[in-house]
>>> print(open('input_18.txt').read())   # compact mmCIF, C-alpha atoms
# COMPACT_ATOMS: atom_id res chain seq x y z
CA MET A 132 0.00 0.00 0.00
CA SER A 133 1.34 3.42 -0.93
CA SER A 134 1.97 6.08 1.69
CA PHE A 135 1.76 8.87 -0.87
CA ARG A 136 -0.22 11.85 0.37
CA PRO A 137 -0.87 14.79 -1.94
CA ARG A 138 0.19 18.22 -0.75
CA TYR A 139 -3.35 19.46 -1.47
CA ALA A 140 -6.36 17.15 -1.44
CA LEU A 141 -8.55 18.74 -4.11
CA HIS A 142 -11.53 16.46 -3.52
CA ASP A 143 -11.53 17.38 0.17
CA SER A 144 -11.73 21.11 -0.65
CA ILE A 145 -14.94 22.98 0.18
CA GLY A 146 -14.17 25.44 -2.62
CA TYR A 147 -13.86 22.63 -5.16
CA HIS A 148 -17.26 21.20 -4.20
CA MET A 149 -18.91 24.65 -4.12
CA THR A 150 -17.55 25.34 -7.61
CA LEU A 151 -18.80 22.01 -8.97
CA ALA A 152 -22.24 22.54 -7.43
CA ALA A 153 -22.47 26.10 -8.79
CA ARG A 154 -21.46 24.97 -12.27
CA THR A 155 -24.00 22.14 -12.21
CA PHE A 156 -26.77 24.55 -11.21
CA GLU A 157 -25.67 27.18 -13.76
CA ARG A 158 -25.56 24.69 -16.65
CA ARG A 159 -29.13 23.56 -15.97
CA LEU A 160 -30.36 27.14 -15.50
CA GLU A 161 -28.57 28.42 -18.61
CA GLU A 162 -30.19 25.71 -20.77
CA GLY A 163 -33.63 27.01 -19.82
CA LEU A 164 -32.62 30.64 -20.18
CA ARG A 165 -31.22 30.06 -23.67
CA ALA A 166 -34.63 28.80 -24.76
CA ALA A 167 -36.02 32.19 -23.68
CA GLY A 168 -33.25 34.04 -25.54
CA LEU A 169 -31.40 35.09 -22.38
CA SER A 170 -27.99 34.58 -20.86
CA ARG A 171 -27.57 34.24 -17.10
CA ALA A 172 -26.30 37.83 -17.01
CA ASP A 173 -29.35 39.06 -18.96
CA TRP A 174 -31.64 37.15 -16.60
CA CYS A 175 -30.05 38.59 -13.46
CA VAL A 176 -30.13 42.17 -14.72
CA LEU A 177 -33.72 41.93 -16.00
CA LEU A 178 -34.82 40.46 -12.66
CA ALA A 179 -33.02 43.20 -10.75
CA ILE A 180 -34.83 45.88 -12.74
CA GLU A 181 -38.28 44.36 -13.16
CA GLU A 182 -38.74 42.28 -10.00
CA GLU A 183 -36.54 44.15 -7.52
CA GLY A 184 -37.01 47.74 -8.69
CA ARG A 185 -33.31 48.51 -9.18
CA ARG A 186 -33.32 51.34 -11.71
CA THR A 187 -29.67 52.37 -12.03
CA PRO A 188 -26.55 50.43 -13.01
CA SER A 189 -25.02 51.04 -9.58
CA ALA A 190 -28.11 49.78 -7.78
CA ILE A 191 -28.14 46.66 -9.96
CA ALA A 192 -24.44 46.02 -9.34
CA ARG A 193 -24.91 46.35 -5.56
CA PHE A 194 -27.97 44.07 -5.61
CA LEU A 195 -26.25 41.38 -7.71
CA GLU A 196 -22.92 41.87 -5.90
CA VAL A 197 -21.05 42.19 -9.17
CA ASP A 198 -18.80 44.75 -10.78
CA ARG A 199 -20.60 47.76 -12.29
CA THR A 200 -18.66 47.24 -15.54
CA ALA A 201 -20.24 43.79 -15.97
CA VAL A 202 -23.69 45.31 -15.41
CA SER A 203 -23.03 48.11 -17.91
CA ARG A 204 -21.88 45.61 -20.54
CA THR A 205 -25.06 43.54 -20.03
CA LEU A 206 -27.25 46.66 -20.10
CA ARG A 207 -25.78 47.75 -23.44
CA LYS A 208 -26.60 44.33 -24.87
CA LEU A 209 -30.15 44.37 -23.44
CA GLU A 210 -30.71 47.90 -24.71
CA ALA A 211 -29.48 46.98 -28.20
CA SER A 212 -31.83 44.00 -28.26
CA GLY A 213 -34.80 46.14 -27.22
CA MET A 214 -35.31 44.57 -23.78
CA VAL A 215 -34.31 47.59 -21.68
CA THR A 216 -34.65 51.35 -22.11
CA ARG A 217 -32.87 54.21 -20.35
CA THR A 218 -34.66 57.46 -19.64
CA ARG A 219 -33.36 60.64 -18.07
CA GLY A 220 -34.33 61.08 -14.46
CA GLY A 221 -33.32 62.98 -11.37
CA GLY A 222 -33.49 66.69 -10.76
CA ASP A 223 -30.84 67.70 -13.28
CA GLY A 224 -31.61 65.02 -15.87
CA ARG A 225 -28.16 63.44 -15.67
CA MET A 226 -29.25 60.24 -13.96
CA ARG A 227 -30.50 57.47 -16.24
CA ARG A 228 -33.35 55.29 -15.03
CA LEU A 229 -33.74 51.82 -16.46
CA SER A 230 -36.97 50.12 -17.47
CA VAL A 231 -37.74 46.71 -18.91
CA THR A 232 -39.65 46.86 -22.20
CA ASP A 233 -42.52 44.60 -23.25
CA LYS A 234 -39.96 42.48 -25.12
CA GLY A 235 -37.86 42.16 -21.95
CA ARG A 236 -40.93 41.26 -19.89
CA ALA A 237 -41.87 38.60 -22.45
CA ALA A 238 -38.37 37.12 -22.16
CA LEU A 239 -38.65 37.12 -18.37
CA ASP A 240 -42.08 35.50 -18.59
CA ALA A 241 -40.60 32.78 -20.80
CA ALA A 242 -37.58 32.25 -18.52
CA ILE A 243 -39.28 32.17 -15.12
CA PRO A 244 -40.76 28.67 -15.57
CA ALA A 245 -37.33 27.29 -16.54
CA ALA A 246 -35.68 28.96 -13.55
CA THR A 247 -38.45 27.71 -11.27
CA ARG A 248 -37.98 24.15 -12.58
CA THR A 249 -34.22 24.39 -12.03
CA GLN A 250 -34.71 25.63 -8.49
CA ALA A 251 -37.28 22.89 -7.77
CA HIS A 252 -34.96 20.21 -9.19
CA PHE A 253 -32.17 21.10 -6.77
CA ASN A 254 -34.47 21.94 -3.86
CA ALA A 255 -35.96 18.44 -4.10
CA LYS A 256 -32.55 16.96 -3.29
CA LEU A 257 -32.57 18.55 0.17
CA THR A 258 -35.06 18.88 3.00
CA ALA A 259 -36.23 22.36 3.97
CA GLU A 260 -33.91 22.20 6.99
CA GLU A 261 -30.95 21.17 4.83
CA ARG A 262 -31.62 24.02 2.39
CA ALA A 263 -31.76 26.53 5.24
CA ALA A 264 -28.55 25.10 6.72
CA LEU A 265 -26.78 25.19 3.35
CA ILE A 266 -27.73 28.83 2.77
CA ALA A 267 -26.62 29.71 6.30
CA LEU A 268 -23.29 27.92 5.83
CA LEU A 269 -22.62 29.51 2.44
CA THR A 270 -23.50 32.92 3.89
CA ARG A 271 -21.07 32.30 6.76
CA ILE A 272 -18.30 31.32 4.34
CA ARG A 273 -18.74 34.61 2.45
CA ALA A 274 -19.09 36.76 5.59
CA GLY A 275 -16.23 39.11 6.26
CA GLU A 276 -14.47 38.43 2.99
CA PRO A 277 -13.25 41.43 1.05
CA ASP A 278 -15.50 42.48 -1.78
CA SER A 279 -14.49 40.69 -4.91
CA PRO A 280 -17.08 41.38 -7.58
CA SER A 281 -17.83 38.37 -9.68
CA HIS A 282 -18.81 38.10 -13.29
CA ILE A 283 -22.45 37.49 -14.15
>>> encode(input="input_18.txt", output="C-alpha cells")
Amino acid sequence: MSSFRPRYALHDSIGYHMTLAARTFERRLEEGLRAAGLSRADWCVLLAIEEEGRRTPSAIARFLEVDRTAVSRTLRKLEASGMVTRTRGGGDGRMRRLSVTDKGRAALDAAIPAATRTQAHFNAKLTAEERAALIALLTRIRAGEPDSPSHI
C-alpha cells in the first residue's frame, strides 16, 4: 500500500465542491434561459430591474454583488436587443433610469418557468432544513471576505 499523500487534497476542498455545485446549477439554468433568448447575465439584470425595482446600473451592481462594468456591458446588450430602455431622471436630468420593455418582460415570462424548474430540481434533493442550513453555511463562508465582484 502506498503512503503517498498529496500536498493538497482537491476532492476534500470545500471550494472545489462549491464550484462544482455552482457549475452544475448554472448549466441547468442556462439551458432554460437560452430557450427564452437570455444569458444568465441578462436574466439577473432583468430580474433586478423588473422584479426588484433597481433602476440604475449602480443599484443593480450592488444588488447582484457584481462589478458595475459587468452590469453596464449587459445593459448595453439588453438595450441593443430592445429589452431595456434608459430614460433621463433625477433633478438635473443626468441620472439614467432603467426600465424593462414589453420584449424584456416577455423574455422574463418565458424564462421564469425554466428557472423555477431548475430551483425545484435542486431543492428536491434537500429537505427544507438542509436548504436553510446550506444557505446559512454559504453565507457564513462569504461573511467578512473582502468584496471581490464576480462576473455574471
>>> closest_residue(input="input_18.txt", among="A:Leu229, A:Ala255, A:Leu141, A:Val215", to="Ile191 in chain A", atoms="all atoms listed in the file")
A:Leu229
>>> residues_around(input="input_18.txt", residues="Glu161 in chain A", least_positions_apart="2", cutoff="10 Å", atoms="only C-alpha atoms", output="CSV table (one decimal) with C-alpha atoms, in the frame of the given file")
chain,number,residue,atom,x,y,z
A,156,PHE,CA,-26.8,24.6,-11.2
A,157,GLU,CA,-25.7,27.2,-13.8
A,158,ARG,CA,-25.6,24.7,-16.6
A,159,ARG,CA,-29.1,23.6,-16.0
A,163,GLY,CA,-33.6,27.0,-19.8
A,164,LEU,CA,-32.6,30.6,-20.2
A,165,ARG,CA,-31.2,30.1,-23.7
A,166,ALA,CA,-34.6,28.8,-24.8
A,167,ALA,CA,-36.0,32.2,-23.7
A,169,LEU,CA,-31.4,35.1,-22.4
A,170,SER,CA,-28.0,34.6,-20.9
A,171,ARG,CA,-27.6,34.2,-17.1
A,172,ALA,CA,-26.3,37.8,-17.0
A,174,TRP,CA,-31.6,37.2,-16.6
A,242,ALA,CA,-37.6,32.2,-18.5
A,245,ALA,CA,-37.3,27.3,-16.5
A,246,ALA,CA,-35.7,29.0,-13.6
A,249,THR,CA,-34.2,24.4,-12.0
>>> atom_distance(input="input_18.txt", atom1="CA of Arg185 in chain A", atom2="CA of Gly213 in chain A")
18.3 Å
>>> atom_distance(input="input_18.txt", atom1="CA of Glu183 in chain A", atom2="CA of Ala251 in chain A")
21.3 Å
>>> atom_distance(input="input_18.txt", atom1="CA of Ser189 in chain A", atom2="CA of Arg217 in chain A")
13.7 Å
>>> residues_near_point(input="input_18.txt", point="(-33.6, 50.6, -24.5)", cutoff="10 Å", atoms="only C-alpha atoms", output="list in words")
Leu206, Arg207, Lys208, Leu209, Glu210, Ala211, Ser212, Gly213, Met214, Val215, Thr216, Arg217, Thr218, Leu229, Ser230, Val231, Thr232 and Gly235 of chain A
>>> closest_residue(input="input_18.txt", among="A:Cys175, A:Met149, A:Gly184, A:Gly275", to="Val197 in chain A", atoms="all atoms listed in the file")
A:Cys175
>>> closest_residue(input="input_18.txt", among="A:Ser133, A:Ser203, A:Leu177, A:Thr150", to="Asp233 in chain A", atoms="only C-alpha atoms")
A:Leu177
>>> closest_residue(input="input_18.txt", among="A:Arg204, A:Arg228, A:Arg154, A:Arg271", to="Ala190 in chain A", atoms="all atoms listed in the file")
A:Arg228
>>> closest_residue(input="input_18.txt", among="A:Pro137, A:Ile180, A:Ala264, A:His252", to="Phe194 in chain A", atoms="all atoms listed in the file")
A:Ile180
>>> closest_residue(input="input_18.txt", among="A:Asp173, A:Arg227, A:Arg248, A:His142", to="Pro188 in chain A", atoms="only C-alpha atoms")
A:Arg227
